[in-house]
$ cat entry-v5.cif   # mmCIF, C-alpha atoms and all ligand atoms
data_start
loop_
_atom_site.label_atom_id
_atom_site.label_comp_id
_atom_site.auth_asym_id
_atom_site.auth_seq_id
_atom_site.Cartn_x
_atom_site.Cartn_y
_atom_site.Cartn_z
CA MET J 36 6.39 -22.57 -5.34
CA VAL J 37 10.03 -21.54 -5.04
CA LEU J 38 11.25 -19.31 -2.20
CA LEU J 39 14.58 -17.56 -2.72
CA ALA J 40 16.26 -15.39 -0.09
CA VAL J 41 18.08 -12.41 -1.57
CA ASN J 42 20.28 -9.64 -0.23
CA PRO J 43 17.99 -6.59 -0.34
CA MET J 44 20.78 -4.14 -1.13
CA GLN J 45 22.82 -6.36 -3.50
CA PRO J 46 20.56 -9.11 -4.83
CA GLU J 47 22.35 -12.24 -6.01
CA THR J 48 22.52 -12.49 -9.81
CA ASP J 49 21.45 -16.17 -9.89
CA ALA J 50 18.26 -15.57 -7.92
CA ILE J 51 17.35 -12.55 -10.04
CA ARG J 52 18.01 -14.50 -13.25
CA GLN J 53 15.79 -17.34 -12.07
CA ALA J 54 12.97 -14.95 -11.10
CA ALA J 55 13.26 -13.04 -14.39
CA GLU J 56 12.91 -16.32 -16.29
CA VAL J 57 9.66 -17.03 -14.41
CA ILE J 58 8.36 -13.58 -15.43
CA ARG J 59 9.35 -14.16 -19.07
CA CYS J 60 7.48 -17.49 -19.02
CA GLY J 61 4.29 -15.65 -18.09
CA ARG J 62 4.25 -16.80 -14.46
CA LEU J 63 4.02 -14.92 -11.15
CA VAL J 64 6.88 -13.61 -8.97
CA ALA J 65 6.37 -11.91 -5.60
CA PHE J 66 9.13 -9.41 -4.89
CA PRO J 67 9.94 -6.66 -2.40
CA THR J 68 9.58 -3.00 -3.28
CA GLU J 69 10.39 -0.15 -0.90
CA THR J 70 6.66 0.12 -0.04
CA VAL J 71 5.14 -3.38 0.17
CA TYR J 72 5.67 -6.73 -1.61
CA GLY J 73 4.30 -6.84 -5.15
CA LEU J 74 2.82 -9.79 -7.08
CA GLY J 75 4.43 -9.36 -10.47
CA ALA J 76 3.81 -10.58 -14.01
CA ASP J 77 4.94 -9.51 -17.49
CA ALA J 78 2.76 -6.44 -18.14
CA MET J 79 2.91 -7.03 -21.91
CA ASN J 80 1.51 -10.58 -21.64
CA PRO J 81 -2.30 -10.57 -21.15
CA GLU J 82 -2.44 -14.20 -19.96
CA ALA J 83 0.22 -13.53 -17.33
CA VAL J 84 -1.70 -10.47 -16.13
CA THR J 85 -4.88 -12.51 -15.84
CA ARG J 86 -3.04 -14.87 -13.47
CA ILE J 87 -2.47 -11.98 -11.06
CA PHE J 88 -6.19 -11.32 -10.73
CA ALA J 89 -6.90 -15.03 -10.21
CA ALA J 90 -4.19 -15.48 -7.58
CA LYS J 91 -5.35 -12.49 -5.52
CA ALA J 92 -9.08 -13.07 -6.04
CA ARG J 93 -9.05 -9.47 -7.24
CA PRO J 94 -11.94 -8.09 -9.31
CA ALA J 95 -10.92 -7.57 -12.96
CA SER J 96 -12.26 -4.02 -12.64
CA ASP J 97 -9.39 -3.01 -10.32
CA PRO J 98 -6.43 -1.77 -12.43
CA LEU J 99 -2.80 -2.68 -11.70
CA ILE J 100 0.35 -0.57 -11.29
CA VAL J 101 3.03 -1.07 -13.95
CA HIS J 102 6.61 -1.05 -12.64
CA ILE J 103 9.47 0.09 -14.85
CA ALA J 104 13.19 0.36 -14.04
CA ASP J 105 13.83 3.70 -15.68
CA SER J 106 11.71 6.73 -16.59
CA GLU J 107 13.12 6.34 -20.13
CA ASP J 108 10.79 3.34 -20.41
CA LEU J 109 7.66 5.41 -19.72
CA GLU J 110 6.84 5.58 -23.40
CA ARG J 111 6.48 1.80 -23.56
CA VAL J 112 3.38 1.98 -21.36
CA ALA J 113 2.11 5.59 -21.46
CA ARG J 114 1.62 8.28 -24.12
CA ASP J 115 1.03 12.04 -24.44
CA LEU J 116 3.05 12.66 -21.28
CA PRO J 117 2.06 15.89 -19.54
CA VAL J 118 4.91 18.20 -18.56
CA GLN J 119 4.37 17.41 -14.85
CA ALA J 120 5.21 13.76 -15.52
CA ARG J 121 8.77 14.71 -16.44
CA ILE J 122 9.20 17.00 -13.46
CA LEU J 123 7.73 14.52 -11.00
CA SER J 124 9.67 11.55 -12.34
CA GLU J 125 12.91 13.51 -12.02
CA SER J 126 12.04 14.57 -8.47
CA PHE J 127 10.59 11.37 -7.05
CA TRP J 128 11.73 8.32 -9.07
CA PRO J 129 12.87 5.82 -8.10
CA GLY J 130 10.41 6.12 -5.25
CA PRO J 131 6.90 5.59 -3.83
CA LEU J 132 5.02 7.78 -6.31
CA THR J 133 2.66 6.25 -8.87
CA LEU J 134 1.56 8.45 -11.78
CA VAL J 135 -1.71 7.89 -13.62
CA LEU J 136 -1.16 8.77 -17.29
CA PRO J 137 -2.78 8.15 -20.67
CA ARG J 138 -2.21 4.51 -21.58
CA ALA J 139 -0.04 3.38 -24.52
CA GLU J 140 -2.03 1.33 -27.01
CA SER J 141 0.47 -1.53 -26.94
CA LEU J 142 -0.23 -2.17 -23.24
CA PRO J 143 -2.73 -5.03 -22.75
CA ALA J 144 -6.14 -3.79 -21.61
CA ALA J 145 -6.24 -6.34 -18.77
CA VAL J 146 -3.53 -4.38 -16.92
CA THR J 147 -5.64 -1.24 -16.69
CA ALA J 148 -9.00 -2.96 -16.32
CA GLY J 149 -9.92 -1.56 -19.72
CA LEU J 150 -9.27 2.04 -18.68
CA ASP J 151 -7.69 4.54 -21.04
CA THR J 152 -5.15 5.42 -18.35
CA VAL J 153 -2.26 3.54 -16.76
CA ALA J 154 -0.66 3.77 -13.31
CA VAL J 155 3.18 3.64 -13.47
CA ARG J 156 6.09 3.87 -11.09
CA VAL J 157 9.83 3.22 -10.74
CA PRO J 158 10.30 1.44 -7.38
CA ALA J 159 13.24 2.38 -5.14
CA HIS J 160 14.31 -1.15 -4.22
CA PRO J 161 17.42 -2.88 -5.59
CA VAL J 162 15.60 -6.24 -5.85
CA ALA J 163 12.64 -4.80 -7.76
CA LEU J 164 14.88 -2.83 -10.12
CA ALA J 165 17.16 -5.80 -10.77
CA LEU J 166 14.16 -8.03 -11.50
CA ILE J 167 12.57 -5.58 -13.96
CA ARG J 168 15.89 -5.07 -15.76
CA ALA J 169 16.65 -8.79 -15.98
CA ALA J 170 13.14 -9.59 -17.21
CA GLY J 171 13.50 -6.88 -19.85
CA THR J 172 9.82 -6.02 -19.66
CA PRO J 173 7.57 -3.74 -17.57
CA ILE J 174 6.14 -5.68 -14.61
CA ALA J 175 2.51 -5.28 -13.59
CA ALA J 176 2.19 -5.75 -9.84
CA PRO J 177 -0.46 -5.09 -7.23
CA SER J 178 0.34 -5.64 -3.57
CA ALA J 179 0.94 -9.38 -3.01
CA ASN J 180 -1.91 -9.97 -0.55
CA LEU J 181 -5.31 -11.56 -0.95
CA PHE J 182 -7.81 -8.92 -2.07
CA GLY J 183 -8.96 -6.87 0.92
CA HIS J 184 -6.25 -8.09 3.34
CA PRO J 185 -3.58 -5.77 4.77
CA SER J 186 -0.70 -5.37 2.30
CA PRO J 187 2.33 -7.64 2.85
CA THR J 188 5.51 -6.11 4.25
CA THR J 189 7.41 -9.40 4.59
CA ALA J 190 7.77 -12.53 2.42
CA GLN J 191 6.04 -14.49 5.19
CA HIS J 192 2.91 -12.31 4.77
CA VAL J 193 2.95 -13.19 1.06
CA LEU J 194 3.22 -16.91 1.83
CA ASP J 195 0.44 -16.67 4.44
CA ASP J 196 -1.93 -15.10 1.89
CA LEU J 197 -0.93 -16.62 -1.43
CA GLY J 198 1.13 -19.79 -0.78
CA ASP J 199 1.22 -21.90 -3.92
CA ARG J 200 -0.76 -19.37 -5.96
CA VAL J 201 2.56 -17.67 -6.67
CA ASP J 202 5.33 -19.40 -8.64
CA LEU J 203 8.37 -17.77 -7.04
CA VAL J 204 8.91 -15.49 -4.03
CA LEU J 205 12.01 -13.32 -3.65
CA ASP J 206 12.51 -12.80 0.08
CA GLY J 207 14.41 -9.55 0.57
CA GLY J 208 13.39 -9.06 4.20
CA PRO J 209 10.92 -6.46 5.45
CA THR J 210 10.06 -3.58 3.11
CA PHE J 211 11.36 -0.11 3.99
CA ILE J 212 8.27 2.12 4.02
CA GLY J 213 5.50 -0.35 4.83
CA LEU J 214 2.65 1.61 3.19
CA GLU J 215 1.87 1.69 -0.51
CA SER J 216 2.90 4.37 -2.97
CA THR J 217 1.06 7.66 -3.41
CA VAL J 218 -1.19 7.46 -6.49
CA LEU J 219 -1.32 10.78 -8.34
CA ASP J 220 -3.67 11.25 -11.28
CA LEU J 221 -2.25 13.50 -14.01
CA THR J 222 -5.02 12.93 -16.54
CA GLY J 223 -7.59 15.35 -15.14
CA GLU J 224 -7.79 19.13 -15.12
CA GLN J 225 -5.58 19.30 -12.06
CA PRO J 226 -3.25 16.78 -10.44
CA THR J 227 -5.22 14.73 -7.89
CA ILE J 228 -4.01 12.40 -5.15
CA LEU J 229 -6.15 9.27 -5.49
CA ARG J 230 -4.34 7.46 -2.68
CA PRO J 231 -2.00 9.09 -0.15
CA GLY J 232 1.16 7.04 0.39
CA GLY J 233 4.90 7.04 0.71
CA VAL J 234 5.43 10.47 -0.90
CA SER J 235 3.69 13.12 1.22
CA ARG J 236 1.22 15.68 -0.06
CA GLU J 237 3.58 18.39 1.23
CA ALA J 238 6.48 17.05 -0.85
CA LEU J 239 4.30 16.95 -3.98
CA SER J 240 3.00 20.46 -3.30
CA LEU J 241 6.54 21.82 -3.25
CA VAL J 242 6.76 20.77 -6.89
CA LEU J 243 3.15 21.17 -8.08
CA GLY J 244 1.57 23.77 -5.79
CA PRO J 245 -1.64 23.06 -3.79
CA LEU J 246 -3.09 19.62 -4.45
CA VAL J 247 -6.51 18.06 -4.60
CA VAL J 248 -6.97 14.89 -2.53
CA GLY J 249 -9.59 12.53 -3.96
CA GLY J 250 -10.12 8.82 -3.34
CA ALA J 251 -12.30 7.18 -0.74
CA GLY J 252 -10.28 7.18 2.45
CA VAL J 253 -9.15 10.68 3.26
CA SER J 254 -11.83 12.60 1.45
CA ARG J 255 -14.12 12.80 4.46
CA GLN J 256 -11.70 14.69 6.66
CA GLY J 257 -9.30 17.50 5.97
CA GLY J 258 -8.01 18.63 2.63
CA HIS J 259 -9.90 19.25 -0.53
CA THR J 260 -12.25 16.69 -1.92
CA SER J 261 -12.73 16.21 -5.58
CA GLY J 262 -15.39 13.53 -5.31
CA LEU J 263 -13.75 11.81 -8.26
CA PRO J 264 -14.42 8.11 -8.59
CA SER J 265 -11.16 6.17 -8.35
CA PRO J 266 -11.32 2.61 -9.58
CA GLY J 267 -10.45 -0.02 -7.04
CA LEU J 268 -10.32 2.42 -4.15
CA LEU J 269 -12.97 0.62 -2.21
CA GLU J 270 -14.18 1.98 1.08
CA LYS J 271 -13.20 -1.14 3.00
CA HIS J 272 -9.70 -2.32 2.17
CA TYR J 273 -6.44 -3.17 3.89
CA ALA J 274 -8.64 -4.73 6.52
CA PRO J 275 -7.71 -7.21 9.23
CA ARG J 276 -10.10 -10.07 10.07
CA ALA J 277 -10.98 -8.56 13.45
CA SER J 278 -13.28 -5.55 13.34
CA LEU J 279 -11.26 -2.41 13.70
CA ILE J 280 -12.61 0.75 15.33
CA PHE J 281 -10.75 3.93 14.45
CA PHE J 282 -10.77 6.86 16.90
CA ARG J 283 -10.13 10.25 15.42
CA GLY J 284 -9.49 13.48 17.31
CA GLU J 285 -7.28 15.19 19.86
CA ARG J 286 -5.00 12.66 21.57
CA HIS J 287 -6.13 12.81 25.21
CA ARG J 288 -9.84 12.76 24.45
CA THR J 289 -9.28 10.03 21.90
CA LEU J 290 -7.50 7.86 24.45
CA ALA J 291 -10.28 8.49 26.99
CA ALA J 292 -12.87 7.40 24.42
CA MET J 293 -10.82 4.30 23.64
CA VAL J 294 -10.74 3.38 27.35
CA ARG J 295 -14.54 3.72 27.58
CA GLN J 296 -14.98 1.52 24.52
CA LEU J 297 -12.53 -0.97 25.98
CA ASP J 298 -14.53 -1.20 29.22
CA THR J 299 -17.67 -1.95 27.20
CA LEU J 300 -15.97 -4.59 25.06
CA LEU J 301 -14.37 -6.34 28.02
CA ALA J 302 -17.73 -6.42 29.79
CA GLU J 303 -19.03 -8.20 26.67
CA GLN J 304 -16.23 -10.79 27.03
CA LYS J 305 -14.58 -9.63 23.79
CA SER J 306 -10.85 -10.06 23.27
CA VAL J 307 -9.33 -6.75 22.28
CA GLY J 308 -6.14 -5.65 20.55
CA LEU J 309 -4.74 -2.14 20.46
CA LEU J 310 -2.75 -0.38 17.72
CA VAL J 311 -1.18 2.47 19.65
CA ALA J 312 2.01 4.50 20.08
CA SER J 313 4.58 3.78 22.78
CA GLU J 314 3.45 6.95 24.58
CA ASP J 315 -0.10 5.53 24.85
CA ARG J 316 0.79 2.27 26.59
CA SER J 317 0.60 3.52 30.15
CA VAL J 318 -3.04 4.53 29.60
CA PHE J 319 -3.95 0.87 29.13
CA ALA J 320 -1.71 -0.57 31.85
CA GLY J 321 -3.50 -3.28 33.82
CA TYR J 322 -6.09 -3.97 31.10
CA PRO J 323 -6.26 -7.53 29.74
CA VAL J 324 -5.57 -6.48 26.13
CA ILE J 325 -2.97 -7.27 23.50
CA ILE J 326 -0.98 -4.18 22.62
CA GLU J 327 0.82 -3.77 19.31
CA ASP J 328 3.24 -0.93 19.97
CA LEU J 329 3.75 1.00 16.72
CA GLY J 330 6.63 3.02 18.14
CA SER J 331 6.84 6.66 19.15
CA GLN J 332 4.14 8.99 17.86
CA ASP J 333 7.01 11.29 16.87
CA ASP J 334 8.33 8.75 14.35
CA LEU J 335 5.65 8.39 11.68
CA SER J 336 7.96 6.43 9.39
CA LEU J 337 8.28 3.71 12.04
CA ILE J 338 4.51 3.69 12.63
CA ALA J 339 3.94 3.36 8.87
CA ALA J 340 6.49 0.56 8.63
CA ARG J 341 4.84 -1.43 11.43
CA LEU J 342 1.15 -0.77 10.74
CA PHE J 343 0.17 -3.63 8.43
CA ALA J 344 2.38 -6.18 10.22
CA ALA J 345 0.76 -5.14 13.51
CA MET J 346 -2.76 -5.68 12.08
CA ARG J 347 -1.70 -9.14 10.94
CA ALA J 348 -0.11 -9.92 14.31
CA LEU J 349 -3.34 -9.06 16.14
CA ASP J 350 -5.33 -11.22 13.74
CA ALA J 351 -2.91 -14.09 14.32
CA GLN J 352 -3.63 -13.80 18.05
CA GLY J 353 -7.34 -14.08 17.36
CA VAL J 354 -8.64 -10.81 18.81
CA ASP J 355 -12.28 -9.93 18.12
CA VAL J 356 -11.86 -6.17 18.00
CA ILE J 357 -8.96 -3.80 17.33
CA LEU J 358 -8.97 -0.23 18.65
CA SER J 359 -6.70 2.31 16.96
CA ARG J 360 -6.07 6.02 16.79
CA GLY J 361 -4.63 8.38 14.17
CA PHE J 362 -1.40 10.35 14.22
CA GLY J 363 -2.34 13.58 12.50
CA LEU J 364 -2.56 14.43 8.82
CA ALA J 365 0.93 15.83 8.26
CA GLY J 366 3.48 13.92 6.21
CA LEU J 367 2.98 10.13 6.38
CA GLY J 368 0.16 10.77 8.89
CA LEU J 369 -2.26 11.27 5.99
CA ALA J 370 -1.51 7.82 4.53
CA ILE J 371 -1.68 6.19 7.98
CA GLU J 372 -5.05 7.87 8.57
CA ASP J 373 -6.27 6.69 5.16
CA ARG J 374 -5.33 3.04 5.78
CA LEU J 375 -6.84 2.99 9.27
CA THR J 376 -10.04 4.63 8.00
CA ARG J 377 -10.38 2.01 5.30
CA ALA J 378 -9.50 -0.83 7.68
CA ALA J 379 -12.29 0.41 9.94
CA GLY J 380 -14.73 0.20 7.02
CA GLY J 381 -16.99 2.89 8.48
CA ARG J 382 -16.43 2.17 12.19
CA VAL J 383 -14.90 5.59 12.84
CA VAL J 384 -15.47 7.39 16.13
CA GLU J 385 -15.10 11.17 15.86
CA VAL J 386 -14.01 12.49 19.24
CA SER J 387 -14.75 16.18 19.60
O1 LIG Q 401 3.31 0.72 -3.37
C1 LIG Q 401 2.55 0.28 -4.23
O2 LIG Q 401 1.90 1.01 -4.96
C2 LIG Q 401 2.43 -1.24 -4.35
C3 LIG Q 401 3.78 -1.79 -4.85
C4 LIG Q 401 3.72 -3.27 -5.13
O3 LIG Q 401 4.17 -1.08 -5.98
N1 LIG Q 401 1.38 -1.59 -5.26
C5 LIG Q 401 0.07 -1.44 -4.96
O4 LIG Q 401 -0.79 -1.89 -5.94
O5 LIG Q 401 -0.32 -0.96 -3.91
P1 LIG Q 401 -2.35 -2.10 -5.72
O6 LIG Q 401 -2.85 -2.77 -6.92
O7 LIG Q 401 -2.58 -2.80 -4.43
O8 LIG Q 401 -2.92 -0.65 -5.69
C6 LIG Q 401 -2.94 0.07 -6.90
C7 LIG Q 401 -3.80 1.27 -6.77
C8 LIG Q 401 -5.25 0.87 -6.67
O9 LIG Q 401 -5.88 1.65 -5.68
C9 LIG Q 401 -5.79 1.21 -8.06
O10 LIG Q 401 -7.13 1.56 -8.02
C10 LIG Q 401 -4.91 2.37 -8.45
O11 LIG Q 401 -3.65 2.08 -7.91
N2 LIG Q 401 -4.83 2.44 -9.90
C11 LIG Q 401 -4.19 1.60 -10.74
N3 LIG Q 401 -4.37 1.96 -12.02
C12 LIG Q 401 -5.13 3.07 -12.00
C13 LIG Q 401 -5.66 3.93 -13.02
N4 LIG Q 401 -5.43 3.70 -14.30
N5 LIG Q 401 -6.39 4.98 -12.63
C14 LIG Q 401 -6.63 5.23 -11.31
N6 LIG Q 401 -6.16 4.45 -10.31
C15 LIG Q 401 -5.42 3.39 -10.65
MG MG Q 402 -3.36 -3.49 -2.77
#
$ encode --input "entry-v5.cif" --output "structure tokens"
Amino acid sequence: MVLLAVNPMQPETDAIRQAAEVIRCGRLVAFPTETVYGLGADAMNPEAVTRIFAAKARPASDPLIVHIADSEDLERVARDLPVQARILSESFWPGPLTLVLPRAESLPAAVTAGLDTVAVRVPAHPVALALIRAAGTPIAAPSANLFGHPSPTTAQHVLDDLGDRVDLVLDGGPTFIGLESTVLDLTGEQPTILRPGGVSREALSLVLGPLVVGGAGVSRQGGHTSGLPSPGLLEKHYAPRASLIFFRGERHRTLAAMVRQLDTLLAEQKSVGLLVASEDRSVFAGYPVIIEDLGSQDDLSLIAARLFAAMRALDAQGVDVILSRGFGLAGLGLAIEDRLTRAAGGRVVEVS
């Protein structure tokens, strides 16, 4: 495995050339995007794509996102583009929006897990764009973590999960957004958010009008539910090793419920970690717990950027249980809520 440090804003030509060569040879390159690190392979090479699934221990039934450098290249991977695809690509690309579209026949079936549709995006990261351009091919890339682990927001997270299973890692420092892209399905009767992410529902609604939210994570609270099956959107995902309990509700009552749970856990000799906002810290002063401070509750972009790294940090310190709360459903709050709900895998406490 080769590890190359690159300047995230102006990646060095030599490093990009070397990484692009690895892609062209059908091997795997982990690279930063604005959301999380991706584990990339030549999307047009079925053997290379198969290596991604093996490296991540990812089920072959879970389709990958194809990354292109320019919306002009959409036709290489998708067909019969609906009119919204044009409007959305002009408004949000490069950026953290993935569009699900009818799949071009030339795209290997392994990329889309045999589906007739393909998920595509243009990432807003100079390293990702330079790599795709230099490789001269669309790059299929899921998040560069082991299947089920929190997504990687630093090169170190990639190394911790994948090590020698990846051929080359481009280290461009921490990613900017820290949560994955929004996945929007344009192949149904109406546009449907399959996974909330870096582009908010509100921003999409400004362009598309009111939106259906499907998928597994957010469908149980707030918003409309389509009940559509979305491949790979498993209930438990993005999960730390410790068991995470997610408290949902009004802030003060939620914090009170967390304190009660904490008392119980400490009486059981459990070691406990907390994922909370700076404003919450004083509530837990004097408790023997490990606090991961996500930043001010008024800065959702900082909370999003720190969330996965904080889960990993608590795991590294060996806690048994993690307690966390949500930060509303507006803007990035919806994606944060979704990831915490999934990480909890059903251990959600509704505080009314
Ligand atoms: O921000 C991101 O999206 C990152 C970076 C690397 O681009 N990628 C990422 O990929 O999160 P992954 O594989 O971890 O998540 C892709 C999601 C999965 O939930 C998958 O089910 C969904 O996109 N997806 C992919 N192809 C699809 C399709 N044809 N139809 C419906 N959902 C699809
Ligand atoms: Mg993933």
$ closest_residue --input "entry-v5.cif" --among "J:Pro177, J:Pro67, J:Gly183, J:Gly223" --to "ligand LIG 401 (chain Q)" --atoms "all atoms listed in the file"
J:Pro177
$ residues_near_ligand --input "entry-v5.cif" --ligand "ligand LIG 401 (chain Q)" --cutoff "6 Å" --atoms "all atoms listed in the file" --output "JSON, numbers by chain"
{"J": [70, 71, 72, 73, 97, 98, 99, 100, 135, 147, 152, 153, 154, 176, 177, 178, 215, 216, 265, 266, 267, 268]}
$ atom_distance --input "entry-v5.cif" --atom1 "CA of Val57 in chain J" --atom2 "CA of Ala163 in chain J"
14.2 Å
$ closest_residue --input "entry-v5.cif" --among "J:Val162, J:Leu181, J:Leu364, J:Val146" --to "ligand MG 402 (chain Q)" --atoms "only C-alpha atoms and all ligand atoms"
J:Leu181
$ closest_residue --input "entry-v5.cif" --among "J:Arg377, J:His184, J:Arg156, J:His102" --to "ligand MG 402 (chain Q)" --atoms "only C-alpha atoms and all ligand atoms"
J:His184
$ residues_near_point --input "entry-v5.cif" --point "(1.3, 3.0, 27.1)" --cutoff "12 Å" --atoms "all atoms listed in the file" --output "list in words"
Leu290, Leu309, Leu310, Val311, Ala312, Ser313, Glu314, Asp315, Arg316, Ser317, Val318, Phe319, Ala320, Gly321, Tyr322, Val324, Ile325, Ile326, Glu327, Asp328, Leu329, Gly330, Ser331 and Gln332 of chain J
$ write_last_selection --input "entry-v5.cif" --atoms "C-alpha atoms" --output "PDB file, in the coordinates of the input"
ATOM      1  CA  LEU J 290      -7.500   7.860  24.450  1.00  0.00           C
ATOM      2  CA  LEU J 309      -4.740  -2.140  20.460  1.00  0.00           C
ATOM      3  CA  LEU J 310      -2.750  -0.380  17.720  1.00  0.00           C
ATOM      4  CA  VAL J 311      -1.180   2.470  19.650  1.00  0.00           C
ATOM      5  CA  ALA J 312       2.010   4.500  20.080  1.00  0.00           C
ATOM      6  CA  SER J 313       4.580   3.780  22.780  1.00  0.00           C
ATOM      7  CA  GLU J 314       3.450   6.950  24.580  1.00  0.00           C
ATOM      8  CA  ASP J 315      -0.100   5.530  24.850  1.00  0.00           C
ATOM      9  CA  ARG J 316       0.790   2.270  26.590  1.00  0.00           C
ATOM     10  CA  SER J 317       0.600   3.520  30.150  1.00  0.00           C
ATOM     11  CA  VAL J 318      -3.040   4.530  29.600  1.00  0.00           C
ATOM     12  CA  PHE J 319      -3.950   0.870  29.130  1.00  0.00           C
ATOM     13  CA  ALA J 320      -1.710  -0.570  31.850  1.00  0.00           C
ATOM     14  CA  GLY J 321      -3.500  -3.280  33.820  1.00  0.00           C
ATOM     15  CA  TYR J 322      -6.090  -3.970  31.100  1.00  0.00           C
ATOM     16  CA  VAL J 324      -5.570  -6.480  26.130  1.00  0.00           C
ATOM     17  CA  ILE J 325      -2.970  -7.270  23.500  1.00  0.00           C
ATOM     18  CA  ILE J 326      -0.980  -4.180  22.620  1.00  0.00           C
ATOM     19  CA  GLU J 327       0.820  -3.770  19.310  1.00  0.00           C
ATOM     20  CA  ASP J 328       3.240  -0.930  19.970  1.00  0.00           C
ATOM     21  CA  LEU J 329       3.750   1.000  16.720  1.00  0.00           C
ATOM     22  CA  GLY J 330       6.630   3.020  18.140  1.00  0.00           C
ATOM     23  CA  SER J 331       6.840   6.660  19.150  1.00  0.00           C
ATOM     24  CA  GLN J 332       4.140   8.990  17.860  1.00  0.00           C
TER      25      GLN J 332
END
$ axis_aligned_box --input "entry-v5.cif" --around "range 311-323 of chain J" --padding-each-side "6 Å" --output "AutoDock Vina command-line options"
--center_x -0.8 --center_y -0.3 --center_z 26.7 --size_x 22.8 --size_y 26.5 --size_z 26.2
$ build_atoms --input "entry-v5.cif" --residues "range 66-79 of chain J" --atoms "N, CA, C and O atoms" --output "mmCIF file, in the coordinates of the input"
data_model
loop_
_atom_site.group_PDB
_atom_site.id
_atom_site.type_symbol
_atom_site.label_atom_id
_atom_site.label_comp_id
_atom_site.auth_asym_id
_atom_site.auth_seq_id
_atom_site.Cartn_x
_atom_site.Cartn_y
_atom_site.Cartn_z
ATOM 1 N N PHE J 66 7.820 -10.047 -5.114
ATOM 2 C CA PHE J 66 9.130 -9.410 -4.890
ATOM 3 C C PHE J 66 8.964 -8.186 -3.994
ATOM 4 O O PHE J 66 7.906 -7.558 -3.972
ATOM 5 N N PRO J 67 10.041 -7.844 -3.258
ATOM 6 C CA PRO J 67 9.940 -6.660 -2.400
ATOM 7 C C PRO J 67 10.100 -5.375 -3.193
ATOM 8 O O PRO J 67 10.889 -5.311 -4.134
ATOM 9 N N THR J 68 9.303 -4.362 -2.838
ATOM 10 C CA THR J 68 9.580 -3.000 -3.280
ATOM 11 C C THR J 68 9.834 -2.201 -1.995
ATOM 12 O O THR J 68 9.720 -2.751 -0.896
ATOM 13 N N GLU J 69 10.149 -0.931 -2.117
ATOM 14 C CA GLU J 69 10.390 -0.150 -0.900
ATOM 15 C C GLU J 69 9.104 0.065 -0.100
ATOM 16 O O GLU J 69 9.163 0.358 1.098
ATOM 17 N N THR J 70 7.927 -0.117 -0.734
ATOM 18 C CA THR J 70 6.660 0.120 -0.040
ATOM 19 C C THR J 70 6.115 -1.159 0.586
ATOM 20 O O THR J 70 6.080 -1.297 1.805
ATOM 21 N N VAL J 71 5.674 -2.085 -0.274
ATOM 22 C CA VAL J 71 5.140 -3.380 0.170
ATOM 23 C C VAL J 71 5.583 -4.411 -0.879
ATOM 24 O O VAL J 71 6.135 -4.048 -1.920
ATOM 25 N N TYR J 72 5.353 -5.697 -0.604
ATOM 26 C CA TYR J 72 5.670 -6.730 -1.610
ATOM 27 C C TYR J 72 4.658 -6.647 -2.761
ATOM 28 O O TYR J 72 3.458 -6.414 -2.542
ATOM 29 N N GLY J 73 5.158 -6.829 -3.980
ATOM 30 C CA GLY J 73 4.300 -6.840 -5.150
ATOM 31 C C GLY J 73 4.157 -8.250 -5.708
ATOM 32 O O GLY J 73 5.031 -9.101 -5.498
ATOM 33 N N LEU J 74 3.026 -8.510 -6.392
ATOM 34 C CA LEU J 74 2.820 -9.790 -7.080
ATOM 35 C C LEU J 74 2.937 -9.497 -8.570
ATOM 36 O O LEU J 74 2.015 -8.955 -9.177
ATOM 37 N N GLY J 75 4.093 -9.847 -9.148
ATOM 38 C CA GLY J 75 4.430 -9.360 -10.470
ATOM 39 C C GLY J 75 4.211 -10.360 -11.597
ATOM 40 O O GLY J 75 4.352 -11.565 -11.423
ATOM 41 N N ALA J 76 3.894 -9.805 -12.769
ATOM 42 C CA ALA J 76 3.810 -10.580 -14.010
ATOM 43 C C ALA J 76 4.223 -9.656 -15.156
ATOM 44 O O ALA J 76 4.183 -8.433 -15.017
ATOM 45 N N ASP J 77 4.589 -10.261 -16.281
ATOM 46 C CA ASP J 77 4.940 -9.510 -17.490
ATOM 47 C C ASP J 77 3.739 -8.657 -17.925
ATOM 48 O O ASP J 77 2.693 -9.184 -18.321
ATOM 49 N N ALA J 78 3.890 -7.333 -17.843
ATOM 50 C CA ALA J 78 2.760 -6.440 -18.140
ATOM 51 C C ALA J 78 2.344 -6.523 -19.601
ATOM 52 O O ALA J 78 1.220 -6.145 -19.941
ATOM 53 N N MET J 79 3.239 -7.004 -20.494
ATOM 54 C CA MET J 79 2.910 -7.030 -21.910
ATOM 55 C C MET J 79 2.242 -8.346 -22.323
ATOM 56 O O MET J 79 1.891 -8.516 -23.484
#
